[in-house]
file data-v4.txt (compact mmCIF, C-alpha atoms)
# COMPACT_ATOMS: atom_id res chain seq x y z
CA MET A 212 -9.57 13.50 3.31
CA GLN A 213 -11.11 15.03 0.23
CA HIS A 214 -14.54 13.70 -0.75
CA SER A 215 -15.63 13.31 -4.35
CA GLU A 216 -18.08 16.18 -4.02
CA HIS A 217 -18.79 16.92 -7.68
CA ARG A 218 -16.84 14.21 -9.47
CA ILE A 219 -14.98 10.99 -8.68
CA LEU A 220 -11.49 11.83 -7.51
CA THR A 221 -8.60 9.60 -8.53
CA THR A 222 -5.61 8.33 -6.59
CA HIS A 223 -3.40 5.26 -6.36
CA THR A 224 -1.98 3.02 -3.68
CA GLY A 225 1.58 4.20 -3.27
CA SER A 226 4.52 2.81 -5.20
CA LEU A 227 5.20 3.76 -8.80
CA PRO A 228 7.96 2.41 -11.08
CA ARG A 229 11.43 3.51 -10.06
CA PRO A 230 14.09 4.32 -12.67
CA PRO A 231 16.31 1.32 -13.54
CA GLY A 232 19.43 2.97 -12.15
CA LEU A 233 17.80 3.65 -8.80
CA THR A 234 16.39 0.12 -8.66
CA GLN A 235 19.86 -1.29 -9.27
CA LEU A 236 21.30 0.76 -6.41
CA TYR A 237 18.59 -0.47 -4.06
CA ALA A 238 19.05 -4.10 -5.15
CA ARG A 239 22.80 -3.94 -4.65
CA ARG A 240 22.37 -2.48 -1.18
CA ALA A 241 19.80 -5.14 -0.26
CA ARG A 242 22.33 -7.84 -1.25
CA GLY A 243 24.85 -6.33 1.14
CA GLU A 244 27.08 -4.73 -1.48
CA ALA A 245 28.80 -1.43 -0.76
CA VAL A 246 26.74 1.38 -2.26
CA ASP A 247 27.38 5.09 -1.93
CA ALA A 248 24.59 6.49 0.26
CA ALA A 249 24.92 9.88 -1.40
CA ALA A 250 24.34 8.30 -4.81
CA ILE A 251 21.12 6.67 -3.59
CA ASP A 252 19.94 9.92 -2.04
CA ALA A 253 20.62 11.90 -5.22
CA ALA A 254 18.95 9.33 -7.47
CA GLY A 255 15.95 9.13 -5.16
CA ARG A 256 15.43 12.90 -5.13
CA GLU A 257 15.77 13.07 -8.91
CA ALA A 258 13.16 10.31 -9.31
CA LEU A 259 10.85 12.12 -6.90
CA GLN A 260 11.07 15.33 -8.91
CA ARG A 261 9.92 13.45 -12.01
CA ILE A 262 7.16 11.39 -10.42
CA ILE A 263 5.14 14.32 -9.03
CA PRO A 264 4.25 16.07 -12.31
CA ALA A 265 3.86 12.70 -14.04
CA GLN A 266 0.99 11.83 -11.68
CA ILE A 267 -0.78 15.09 -12.39
CA GLU A 268 -0.31 14.71 -16.13
CA ALA A 269 -1.86 11.23 -15.87
CA GLY A 270 -4.97 12.74 -14.30
CA LEU A 271 -4.49 11.83 -10.65
CA ASP A 272 -6.04 14.07 -8.01
CA VAL A 273 -4.59 12.64 -4.78
CA ILE A 274 -0.87 12.07 -5.27
CA ASN A 275 2.21 10.95 -3.34
CA ASN A 276 5.96 10.57 -3.69
CA GLY A 277 5.71 7.27 -5.57
CA GLU A 278 7.88 5.79 -2.79
CA GLN A 279 10.87 6.67 -4.95
CA GLN A 280 13.09 7.26 -1.93
CA ARG A 281 12.28 3.86 -0.43
CA ASP A 282 13.45 0.46 -1.62
CA SER A 283 10.30 -1.31 -0.37
CA PHE A 284 6.89 -0.35 0.93
CA ALA A 285 7.84 -1.93 4.28
CA LEU A 286 11.48 -2.94 4.47
CA TYR A 287 12.79 0.61 4.10
CA ILE A 288 12.03 0.78 7.81
CA ARG A 289 15.09 -1.37 8.57
CA HIS A 290 17.16 1.73 7.87
CA ARG A 291 15.16 3.78 10.39
CA LEU A 292 14.45 1.53 13.37
CA THR A 293 16.86 0.41 16.07
CA GLY A 294 16.91 -3.24 17.19
CA ILE A 295 16.81 -4.59 13.61
CA GLY A 296 19.42 -7.08 12.37
CA GLY A 297 20.06 -10.78 12.03
CA GLU A 298 17.89 -12.83 9.68
CA SER A 299 14.24 -13.83 9.26
CA ILE A 300 12.88 -16.74 7.24
CA ARG A 301 9.56 -15.86 5.62
CA THR A 302 6.94 -18.60 5.32
CA THR A 303 6.06 -19.23 1.67
CA PHE A 304 2.62 -18.49 0.27
CA ALA A 305 0.19 -21.40 0.26
CA ASP A 306 -1.26 -20.63 -3.16
CA ILE A 307 2.17 -20.76 -4.78
CA ASP A 308 3.15 -24.01 -3.05
CA ALA A 309 -0.11 -25.62 -4.20
CA TYR A 310 0.95 -25.44 -7.87
CA PRO A 311 4.45 -26.90 -8.39
CA GLU A 312 4.65 -26.08 -12.09
CA PHE A 313 3.59 -22.53 -11.49
CA LYS A 314 5.96 -22.23 -8.51
CA ALA A 315 8.91 -23.32 -10.66
CA GLU A 316 8.11 -20.69 -13.29
CA PHE A 317 7.38 -18.05 -10.64
CA THR A 318 10.74 -18.72 -9.00
CA ARG A 319 12.55 -18.70 -12.34
CA GLN A 320 11.10 -15.33 -13.32
CA ALA A 321 11.84 -13.81 -9.93
CA GLY A 322 15.46 -14.89 -10.22
CA THR A 323 15.95 -13.00 -13.48
CA LYS A 324 15.11 -9.60 -12.03
CA GLU A 325 17.39 -6.99 -10.52
CA ALA A 326 15.15 -6.26 -7.58
CA VAL A 327 14.68 -5.95 -3.84
CA SER A 328 12.90 -8.94 -2.31
CA ASN A 329 10.19 -8.80 0.35
CA THR A 330 10.65 -12.52 1.03
CA ALA A 331 14.44 -13.04 1.10
CA LEU A 332 17.40 -11.44 2.88
CA LEU A 333 15.05 -10.30 5.61
CA PRO A 334 16.17 -8.88 8.97
CA ALA A 335 14.79 -9.76 12.41
CA ALA A 336 14.06 -7.89 15.63
CA ILE A 337 17.10 -8.66 17.78
CA GLY A 338 16.81 -5.87 20.34
CA PRO A 339 14.46 -3.17 21.60
CA VAL A 340 12.69 -1.64 18.60
CA ALA A 341 12.47 2.13 18.51
CA TYR A 342 12.52 5.04 16.09
CA GLY A 343 15.84 6.41 17.19
CA ASP A 344 16.39 9.30 14.80
CA THR A 345 13.67 11.31 13.06
CA ARG A 346 16.00 12.87 10.52
CA ALA A 347 15.19 10.28 7.82
CA ILE A 348 11.43 10.80 7.86
CA GLU A 349 11.80 14.56 8.23
CA ALA A 350 14.16 14.65 5.25
CA GLU A 351 11.74 12.57 3.19
CA CYS A 352 8.93 14.95 4.12
CA ASP A 353 11.08 17.99 3.29
CA ASP A 354 11.87 16.55 -0.14
CA PHE A 355 8.20 15.77 -0.79
CA ALA A 356 7.12 19.27 0.25
CA ALA A 357 9.73 20.80 -2.06
CA ALA A 358 8.59 18.61 -4.96
CA LEU A 359 4.94 19.53 -4.37
CA ALA A 360 5.56 23.27 -4.32
CA PRO A 361 5.78 23.75 -8.12
CA VAL A 362 2.46 21.95 -8.65
CA ALA A 363 0.50 23.72 -5.92
CA GLY A 364 -3.15 24.06 -6.95
CA ARG A 365 -2.89 21.31 -9.56
CA HIS A 366 -3.88 18.45 -7.28
CA ALA A 367 -6.59 17.94 -4.68
CA GLU A 368 -4.55 16.37 -1.91
CA ALA A 369 -1.29 14.60 -1.09
CA PHE A 370 -0.55 11.47 0.92
CA LEU A 371 2.37 9.46 2.20
CA ALA A 372 2.30 5.79 3.12
CA ALA A 373 3.77 3.93 6.08
CA PRO A 374 3.62 0.24 7.03
CA SER A 375 1.40 -1.22 9.73
CA PRO A 376 2.89 -2.82 12.85
CA GLY A 377 1.48 -6.13 11.63
CA ILE A 378 3.28 -6.31 8.31
CA ILE A 379 6.58 -5.39 9.95
CA ALA A 380 6.01 -8.03 12.64
CA SER A 381 5.28 -10.59 9.92
CA ILE A 382 8.31 -9.83 7.76
CA VAL A 383 10.80 -8.80 10.46
CA GLN A 384 10.36 -11.70 12.83
CA ASN A 385 10.57 -11.32 16.58
CA ARG A 386 13.79 -12.60 18.18
CA HIS A 387 13.69 -10.32 21.21
CA TYR A 388 10.26 -9.81 22.81
CA ASP A 389 8.59 -12.35 25.07
CA THR A 390 5.22 -12.07 23.34
CA GLU A 391 3.80 -11.00 20.01
CA GLU A 392 1.67 -8.42 21.80
CA ALA A 393 4.78 -6.80 23.27
CA TYR A 394 6.45 -6.76 19.84
CA LEU A 395 3.38 -5.23 18.18
CA ALA A 396 3.18 -2.62 20.92
CA ALA A 397 6.82 -1.66 20.44
CA LEU A 398 6.38 -1.44 16.67
CA ALA A 399 3.24 0.64 17.07
CA GLU A 400 5.06 3.11 19.30
CA ALA A 401 8.01 3.31 16.90
CA LEU A 402 5.97 3.62 13.71
CA ALA A 403 3.75 6.27 15.30
CA VAL A 404 6.71 8.62 14.88
CA GLU A 405 6.30 8.38 11.10
CA TYR A 406 2.51 8.50 11.29
CA ARG A 407 2.59 11.75 13.25
CA ALA A 408 5.28 13.25 11.02
CA VAL A 409 3.16 12.74 7.90
CA VAL A 410 -0.04 14.14 9.40
CA ALA A 411 1.82 17.10 10.92
CA ARG A 412 2.72 18.20 7.38
CA GLY A 413 -0.96 18.33 6.47
CA TRP A 414 -0.93 15.23 4.29
CA VAL A 415 -3.10 12.14 4.41
CA LEU A 416 -1.47 9.09 6.00
CA GLN A 417 -1.99 5.76 4.26
CA LEU A 418 -1.32 2.71 6.40
CA ASP A 419 -0.19 -0.25 4.31
CA CYS A 420 -1.64 -3.36 5.94
CA PRO A 421 -1.43 -6.36 3.61
CA ASP A 422 -0.89 -8.47 6.71
CA LEU A 423 -4.57 -8.14 7.56
CA ALA A 424 -5.39 -10.39 4.58
CA LEU A 425 -2.09 -11.80 3.26
CA GLU A 426 -0.94 -13.53 6.42
CA ARG A 427 -3.88 -15.95 6.28
CA HIS A 428 -2.16 -17.85 3.46
CA CYS A 429 1.33 -17.14 4.75
CA SER A 430 2.09 -17.11 8.49
CA TYR A 431 -1.29 -18.65 9.35
CA ARG A 432 -1.59 -21.00 6.39
CA ASP A 433 -1.64 -24.13 8.54
CA ARG A 434 -3.65 -22.76 11.44
CA PRO A 435 -7.39 -22.31 12.02
CA LEU A 436 -9.15 -19.24 10.67
CA SER A 437 -9.93 -18.21 14.23
CA ASP A 438 -6.21 -17.90 14.99
CA PHE A 439 -5.72 -15.61 12.02
CA LEU A 440 -8.71 -13.45 12.90
CA ALA A 441 -7.30 -13.08 16.42
CA PHE A 442 -4.06 -11.84 14.82
CA VAL A 443 -6.03 -9.31 12.78
CA GLU A 444 -7.70 -8.09 15.96
CA ARG A 445 -4.33 -7.71 17.69
CA VAL A 446 -2.93 -5.71 14.80
CA VAL A 447 -5.96 -3.42 14.57
CA THR A 448 -5.63 -2.81 18.31
CA ALA A 449 -1.95 -1.89 17.79
CA ILE A 450 -2.86 0.39 14.88
CA ASN A 451 -5.46 2.21 16.95
CA ARG A 452 -2.90 2.66 19.71
CA ALA A 453 -0.43 4.16 17.26
CA LEU A 454 -3.07 6.54 15.88
CA VAL A 455 -4.04 8.06 19.22
CA GLY A 456 -4.15 11.82 18.77
CA ILE A 457 -4.36 11.62 14.96
CA PRO A 458 -7.77 12.60 13.52
CA ARG A 459 -9.30 9.60 11.80
CA ASP A 460 -10.23 11.65 8.75
CA ARG A 461 -6.49 12.05 8.04
CA VAL A 462 -5.85 8.31 7.73
CA ARG A 463 -6.75 5.70 5.13
CA LEU A 464 -6.03 2.01 5.57
CA HIS A 465 -4.92 -0.16 2.65
CA VAL A 466 -5.51 -3.92 2.83
CA CYS A 467 -4.71 -6.50 0.16
CA TRP A 468 -3.89 -10.17 -0.29
CA GLY A 469 -0.35 -9.71 -1.57
CA ASN A 470 0.76 -7.84 -4.67
CA TYR A 471 2.00 -10.82 -6.66
CA GLU A 472 0.56 -12.65 -9.67
CA ALA A 473 -0.45 -16.13 -8.55
CA PRO A 474 -3.60 -18.25 -8.13
CA HIS A 475 -4.72 -16.51 -4.90
CA ASP A 476 -7.26 -19.28 -4.47
CA GLN A 477 -6.35 -19.62 -0.80
CA ASP A 478 -7.00 -15.98 0.08
CA VAL A 479 -9.21 -15.30 3.08
CA PRO A 480 -12.59 -13.89 1.98
CA LEU A 481 -13.13 -10.19 2.60
CA GLU A 482 -16.33 -10.96 4.51
CA ASP A 483 -14.28 -12.77 7.17
CA ILE A 484 -11.99 -9.84 7.91
CA LEU A 485 -14.10 -6.78 7.09
CA PRO A 486 -15.90 -6.63 10.47
CA ILE A 487 -12.52 -6.33 12.19
CA LEU A 488 -11.14 -3.83 9.65
CA LEU A 489 -14.11 -1.59 10.37
CA ARG A 490 -12.87 -1.25 13.96
CA ALA A 491 -9.78 0.64 12.83
CA GLU A 492 -9.90 4.33 13.73
CA VAL A 493 -9.42 5.50 10.15
CA GLY A 494 -11.37 7.70 7.79
CA GLY A 495 -11.20 5.43 4.80
CA LEU A 496 -10.41 1.98 3.46
CA VAL A 497 -8.39 1.18 0.35
CA LEU A 498 -9.46 -2.19 -1.05
CA PRO A 499 -8.77 -4.06 -4.32
CA PHE A 500 -11.83 -4.62 -6.49
CA ALA A 501 -10.23 -4.93 -9.93
CA ASN A 502 -8.42 -8.26 -9.78
CA PRO A 503 -10.36 -11.39 -10.78
CA ARG A 504 -10.17 -13.02 -7.35
CA HIS A 505 -11.77 -10.23 -5.31
CA ALA A 506 -13.79 -8.05 -7.70
CA HIS A 507 -17.05 -9.65 -6.60
CA GLU A 508 -16.45 -8.79 -2.95
CA VAL A 509 -17.65 -5.25 -3.46
CA ARG A 510 -21.02 -6.71 -2.46
CA CYS A 511 -19.66 -7.07 1.09
CA LEU A 512 -20.01 -3.31 1.43
CA GLU A 513 -23.78 -3.65 1.11
CA ARG A 514 -24.02 -6.18 3.94
CA MET A 515 -21.30 -4.61 6.11
CA PRO A 516 -21.28 -0.90 5.26
CA ILE A 517 -18.41 1.39 6.10
CA ALA A 518 -19.16 4.12 8.64
CA SER A 519 -21.03 7.19 7.45
CA ASP A 520 -17.92 9.34 7.89
CA GLN A 521 -15.61 7.00 5.97
CA LEU A 522 -14.46 6.98 2.36
CA MET A 523 -13.83 4.01 0.10
CA VAL A 524 -10.79 4.15 -2.17
CA ALA A 525 -11.76 1.41 -4.59
CA GLY A 526 -9.17 -0.48 -6.60
CA VAL A 527 -10.45 -0.26 -10.19
CA ILE A 528 -7.09 -0.88 -11.90
CA ASP A 529 -5.25 -4.20 -11.65
CA THR A 530 -1.58 -3.64 -10.80
CA LEU A 531 -0.45 -7.10 -11.93
CA THR A 532 -1.44 -7.19 -15.59
CA ASN A 533 -0.29 -5.23 -18.63
CA PHE A 534 -3.83 -5.03 -19.92
CA VAL A 535 -4.85 -1.38 -20.09
CA GLU A 536 -8.38 -1.32 -18.74
CA HIS A 537 -10.90 0.35 -21.04
CA PRO A 538 -12.29 3.56 -19.52
CA GLU A 539 -15.80 2.12 -19.70
CA VAL A 540 -14.66 -0.91 -17.68
CA VAL A 541 -13.18 1.47 -15.12
CA ALA A 542 -16.40 3.48 -15.05
CA GLU A 543 -18.49 0.36 -14.49
CA ARG A 544 -16.28 -0.66 -11.58
CA ILE A 545 -16.55 2.78 -10.00
CA GLU A 546 -20.33 2.81 -10.40
CA ARG A 547 -20.62 -0.65 -8.84
CA VAL A 548 -18.69 0.51 -5.79
CA ALA A 549 -20.74 3.70 -5.57
CA ARG A 550 -23.95 1.66 -5.53
CA ALA A 551 -22.57 -0.60 -2.79
CA VAL A 552 -21.42 2.34 -0.66
CA GLY A 553 -24.62 4.24 -1.34
CA ASP A 554 -23.02 7.63 -1.92
CA PRO A 555 -20.63 8.44 -4.79
CA ARG A 556 -19.22 11.35 -2.80
CA ARG A 557 -17.57 8.81 -0.50
CA VAL A 558 -15.86 6.92 -3.32
CA LEU A 559 -12.45 7.56 -4.86
CA ALA A 560 -11.01 5.60 -7.78
CA GLY A 561 -7.68 3.94 -7.10
CA THR A 562 -5.46 1.00 -7.91
CA ASP A 563 -5.54 -2.47 -6.35
CA CYS A 564 -2.05 -2.03 -4.92
CA GLY A 565 1.22 -0.36 -5.78
CA PHE A 566 2.92 -0.89 -9.12
CA ASP A 567 6.39 -1.45 -7.66
CA THR A 568 5.94 -2.30 -4.00
CA SER A 569 9.50 -3.61 -3.79
CA ALA A 570 11.96 -1.97 -6.15
CA GLY A 571 12.15 -3.90 -9.41
CA ARG A 572 9.39 -6.40 -8.57
CA GLY A 573 6.67 -4.65 -10.53
CA ARG A 574 4.86 -6.78 -13.11
CA VAL A 575 3.66 -3.89 -15.28
CA ALA A 576 5.96 -2.07 -17.69
CA SER A 577 6.50 1.57 -16.77
CA ASP A 578 4.90 3.01 -19.90
CA VAL A 579 1.89 0.75 -19.43
CA VAL A 580 1.53 1.92 -15.82
CA TRP A 581 1.00 5.47 -16.99
CA ALA A 582 -1.43 4.34 -19.70
CA LYS A 583 -3.45 2.48 -17.04
CA LEU A 584 -3.54 5.57 -14.82
CA ARG A 585 -4.69 7.75 -17.71
CA SER A 586 -7.41 5.23 -18.46
CA MET A 587 -8.48 5.34 -14.81
CA ALA A 588 -8.77 9.11 -14.99
CA GLU A 589 -10.88 8.87 -18.14
CA GLY A 590 -13.05 6.17 -16.57
CA ALA A 591 -13.58 8.41 -13.55
CA ARG A 592 -14.75 11.18 -15.85
CA LEU A 593 -17.25 8.84 -17.50
CA ALA A 594 -18.52 7.59 -14.15
CA SER A 595 -18.75 11.14 -12.81
CA ALA A 596 -21.02 12.18 -15.65
CA ARG A 597 -23.43 9.41 -14.68
CA LEU A 598 -23.08 9.63 -10.91
CA PHE A 599 -23.19 13.44 -10.66
CA PRO A 600 -25.69 14.43 -13.37
CA LYS A 601 -25.99 18.16 -13.95
CA THR A 602 -29.36 19.67 -13.19
CA GLY A 603 -31.03 22.85 -14.26

call {"tool": "encode", "arguments": {"input": "data-v4.txt", "output": "structure tokens"}}
result
Amino acid sequence: MQHSEHRILTTHTGSLPRPPGLTQLYARRARGEAVDAAAIDAAGREALQRIIPAQIEAGLDVINNGEQQRDSFALYIRHRLTGIGGESIRTTFADIDAYPEFKAEFTRQAGTKEAVSNTALLPAAIGPVAYGDTRAIEAECDDFAAALAPVAGRHAEAFLAAPSPGIIASIVQNRHYDTEEAYLAALAEALAVEYRAVVARGWVLQLDCPDLALERHCSYRDRPLSDFLAFVERVVTAINRALVGIPRDRVRLHVCWGNYEAPHDQDVPLEDILPILLRAEVGGLVLPFANPRHAHEVRCLERMPIASDQLMVAGVIDTLTNFVEHPEVVAERIERVARAVGDPRRVLAGTDCGFDTSAGRGRVASDVVWAKLRSMAEGARLASARLFPKTG
């Protein structure tokens, strides 16, 4: 992964707003309606072609495909894995249930959107899970490579994201395997196909692992903290198994507490999970430090430092508010992370999470998304001038 050798590099966390027409196609398919696969493919490729130059024009250095050809950061995998079908019932989030008035409004707003849900209409694992056909991931990679070709030399690096075994195990519930360990192992082996495909193309792999924080107030909401931490350990073990043979400096691991606007006052503290996250065989962590619930936890990096060969992609833009952060606010956040890490060369500026992690569920208007990214780029320039002063 590229270091910020002479200035703070900028990136983001994966999903970017999809065009309304593409979102509608994904939502219809998720509801079980008949949708022309060729129409989805064409709309996805067209959206991809637009999203690549838009990232560069916004000032991003490390870019991706915006997940335009996926309907969800995780659930797209149901179209690629065998053994998936039936139905799962997702446990609700404890912080939403704790506030009935808020929950009613949250539910009302969610019901007005044409969107793909990460909490409803979920499949289950009903048979042996495997990655049966690599054509889907290879086609996605081919499309990304073709879209990158016209902008060669105009960006520092490219990445593609893929879900962790843990978030799939949490959303796509096990109806087949005797134990959770066996299910995680099968998912790790299957998902490793995508992991290797991304790295083989020369791109950075981002593992999306909200489960390593989110499931504390979801699947483990009524269980002791120790049970949840044991789950985190099992998932990190599965991740490391899936990454065997992949250089750690080609992988960054994204962890968050759920990309939804809510109280989040039942989130597990970063200090409880960070020691386990640091056992992952990855070259960098992607953590949210912009939102008001977790911004202060940057101090954890002083007490529990990342390894000397690791990077920190710091969330300095909130993906759940239409406020456009002032560049000076962004710069202050970057500088705070750089002080905690101890070396600005190992810090990249990023976003707390994706802007549209499940098609149509994004909270931030599309034009505001791009304004926020431009502000992040400007904030990175301000921070760079202070963190990398010119000499001589």

call {"tool": "closest_residue", "arguments": {"input": "data-v4.txt", "among": "A:Pro264, A:Pro339, A:Ala269, A:Val362", "to": "Val580 (chain A)", "atoms": "all atoms listed in the file"}}
result
A:Ala269

call {"tool": "residues_around", "arguments": {"input": "data-v4.txt", "residues": "region 467-474 of chain A", "least_positions_apart": "6", "cutoff": "9 Å", "atoms": "only C-alpha atoms", "output": "compact mmCIF listing (two decimals) with C-alpha atoms, in the frame of the given file"}}
result
# COMPACT_ATOMS: atom_id res chain seq x y z
CA ASP A 306 -1.26 -20.63 -3.16
CA ILE A 307 2.17 -20.76 -4.78
CA TYR A 310 0.95 -25.44 -7.87
CA PHE A 313 3.59 -22.53 -11.49
CA LYS A 314 5.96 -22.23 -8.51
CA PHE A 317 7.38 -18.05 -10.64
CA ASP A 419 -0.19 -0.25 4.31
CA CYS A 420 -1.64 -3.36 5.94
CA PRO A 421 -1.43 -6.36 3.61
CA ASP A 422 -0.89 -8.47 6.71
CA LEU A 423 -4.57 -8.14 7.56
CA ALA A 424 -5.39 -10.39 4.58
CA LEU A 425 -2.09 -11.80 3.26
CA GLU A 426 -0.94 -13.53 6.42
CA ARG A 427 -3.88 -15.95 6.28
CA HIS A 428 -2.16 -17.85 3.46
CA VAL A 497 -8.39 1.18 0.35
CA LEU A 498 -9.46 -2.19 -1.05
CA PRO A 499 -8.77 -4.06 -4.32
CA ARG A 504 -10.17 -13.02 -7.35
CA THR A 530 -1.58 -3.64 -10.80
CA LEU A 531 -0.45 -7.10 -11.93
CA THR A 532 -1.44 -7.19 -15.59
CA ASP A 563 -5.54 -2.47 -6.35
CA CYS A 564 -2.05 -2.03 -4.92
CA GLY A 565 1.22 -0.36 -5.78
CA PHE A 566 2.92 -0.89 -9.12
CA THR A 568 5.94 -2.30 -4.00
CA ARG A 572 9.39 -6.40 -8.57
CA GLY A 573 6.67 -4.65 -10.53
CA ARG A 574 4.86 -6.78 -13.11

call {"tool": "residues_near_point", "arguments": {"input": "data-v4.txt", "point": "(22.7, -12.0, 9.8)", "cutoff": "10 Å", "atoms": "all atoms listed in the file", "output": "list in words"}}
result
Gly296, Gly297, Glu298, Ser299, Leu332, Leu333, Pro334 and Ala335 of chain A

call {"tool": "closest_residue", "arguments": {"input": "data-v4.txt", "among": "A:Val462, A:Ile484, A:Val535, A:Val509", "to": "Met212 (chain A)", "atoms": "all atoms listed in the file"}}
result
A:Val462

call {"tool": "residues_around", "arguments": {"input": "data-v4.txt", "residues": "region 368-385 of chain A", "least_positions_apart": "3", "cutoff": "6 Å", "atoms": "only C-alpha atoms", "output": "PyMOL selection string"}}
result
chain A and resi 273-275+285+299+334-336+395+398-399+414-420+422+446

call {"tool": "residues_around", "arguments": {"input": "data-v4.txt", "residues": "Thr234 (chain A)", "least_positions_apart": "3", "cutoff": "9 Å", "atoms": "only C-alpha atoms", "output": "PyMOL selection string"}}
result
chain A and resi 229-231+237-239+282+325-327+570-571

call {"tool": "write_last_selection", "arguments": {"input": "data-v4.txt", "atoms": "C-alpha atoms", "output": "short mmCIF file (atom, residue, chain, number, x, y, z; two decimals), in the coordinates of the input"}}
result
data_model
loop_
_atom_site.label_atom_id
_atom_site.label_comp_id
_atom_site.auth_asym_id
_atom_site.auth_seq_id
_atom_site.Cartn_x
_atom_site.Cartn_y
_atom_site.Cartn_z
CA ARG A 229 11.43 3.51 -10.06
CA PRO A 230 14.09 4.32 -12.67
CA PRO A 231 16.31 1.32 -13.54
CA TYR A 237 18.59 -0.47 -4.06
CA ALA A 238 19.05 -4.10 -5.15
CA ARG A 239 22.80 -3.94 -4.65
CA ASP A 282 13.45 0.46 -1.62
CA GLU A 325 17.39 -6.99 -10.52
CA ALA A 326 15.15 -6.26 -7.58
CA VAL A 327 14.68 -5.95 -3.84
CA ALA A 570 11.96 -1.97 -6.15
CA GLY A 571 12.15 -3.90 -9.41
#

call {"tool": "atom_distance", "arguments": {"input": "data-v4.txt", "atom1": "CA of Glu351 (chain A)", "atom2": "CA of Asp529 (chain A)"}}
result
28.1 Å

call {"tool": "residues_near_point", "arguments": {"input": "data-v4.txt", "point": "(-11.0, 0.0, -18.8)", "cutoff": "8 Å", "atoms": "only C-alpha atoms", "output": "list in words"}}
result
Ile528, Val535, Glu536, His537, Pro538, Glu539, Val540, Val541, Ala542, Ser586, Met587 and Gly590 of chain A

call {"tool": "decode", "arguments": {"input": "data-v4.txt", "residues": "region 371-384 of chain A", "atoms": "N, CA and C atoms", "output": "mmCIF file, in the first residue's frame"}}
result
data_model
loop_
_atom_site.group_PDB
_atom_site.id
_atom_site.type_symbol
_atom_site.label_atom_id
_atom_site.label_comp_id
_atom_site.auth_asym_id
_atom_site.auth_seq_id
_atom_site.Cartn_x
_atom_site.Cartn_y
_atom_site.Cartn_z
ATOM 1 N N LEU A 371 -10.087 -2.726 -4.265
ATOM 2 C CA LEU A 371 -11.431 -3.300 -4.317
ATOM 3 C C LEU A 371 -11.732 -3.890 -2.955
ATOM 4 N N ALA A 372 -12.997 -3.853 -2.569
ATOM 5 C CA ALA A 372 -13.417 -4.355 -1.266
ATOM 6 C C ALA A 372 -14.073 -5.720 -1.395
ATOM 7 N N ALA A 373 -14.050 -6.461 -0.300
ATOM 8 C CA ALA A 373 -14.745 -7.736 -0.199
ATOM 9 C C ALA A 373 -15.123 -7.937 1.268
ATOM 10 N N PRO A 374 -16.210 -8.629 1.536
ATOM 11 C CA PRO A 374 -16.666 -8.791 2.918
ATOM 12 C C PRO A 374 -15.861 -9.827 3.687
ATOM 13 N N SER A 375 -15.839 -9.676 4.999
ATOM 14 C CA SER A 375 -15.182 -10.642 5.870
ATOM 15 C C SER A 375 -16.070 -11.866 6.064
ATOM 16 N N PRO A 376 -15.478 -12.998 6.426
ATOM 17 C CA PRO A 376 -16.314 -14.170 6.750
ATOM 18 C C PRO A 376 -17.300 -13.878 7.873
ATOM 19 N N GLY A 377 -16.910 -13.008 8.807
ATOM 20 C CA GLY A 377 -17.760 -12.736 9.960
ATOM 21 C C GLY A 377 -19.024 -11.980 9.632
ATOM 22 N N ILE A 378 -18.946 -11.002 8.731
ATOM 23 C CA ILE A 378 -20.163 -10.250 8.425
ATOM 24 C C ILE A 378 -21.112 -11.105 7.596
ATOM 25 N N ILE A 379 -20.577 -11.967 6.734
ATOM 26 C CA ILE A 379 -21.455 -12.872 5.991
ATOM 27 C C ILE A 379 -22.107 -13.863 6.953
ATOM 28 N N ALA A 380 -21.334 -14.400 7.895
ATOM 29 C CA ALA A 380 -21.896 -15.351 8.859
ATOM 30 C C ALA A 380 -22.970 -14.695 9.722
ATOM 31 N N SER A 381 -22.839 -13.405 9.973
ATOM 32 C CA SER A 381 -23.808 -12.694 10.810
ATOM 33 C C SER A 381 -25.091 -12.383 10.054
ATOM 34 N N ILE A 382 -24.976 -12.041 8.785
ATOM 35 C CA ILE A 382 -26.149 -11.666 7.993
ATOM 36 C C ILE A 382 -26.808 -12.889 7.368
ATOM 37 N N VAL A 383 -25.975 -13.770 6.805
ATOM 38 C CA VAL A 383 -26.469 -14.994 6.164
ATOM 39 C C VAL A 383 -26.328 -16.117 7.187
ATOM 40 N N GLN A 384 -27.375 -16.359 7.929
ATOM 41 C CA GLN A 384 -27.262 -17.230 9.091
ATOM 42 C C GLN A 384 -27.114 -18.697 8.708
#
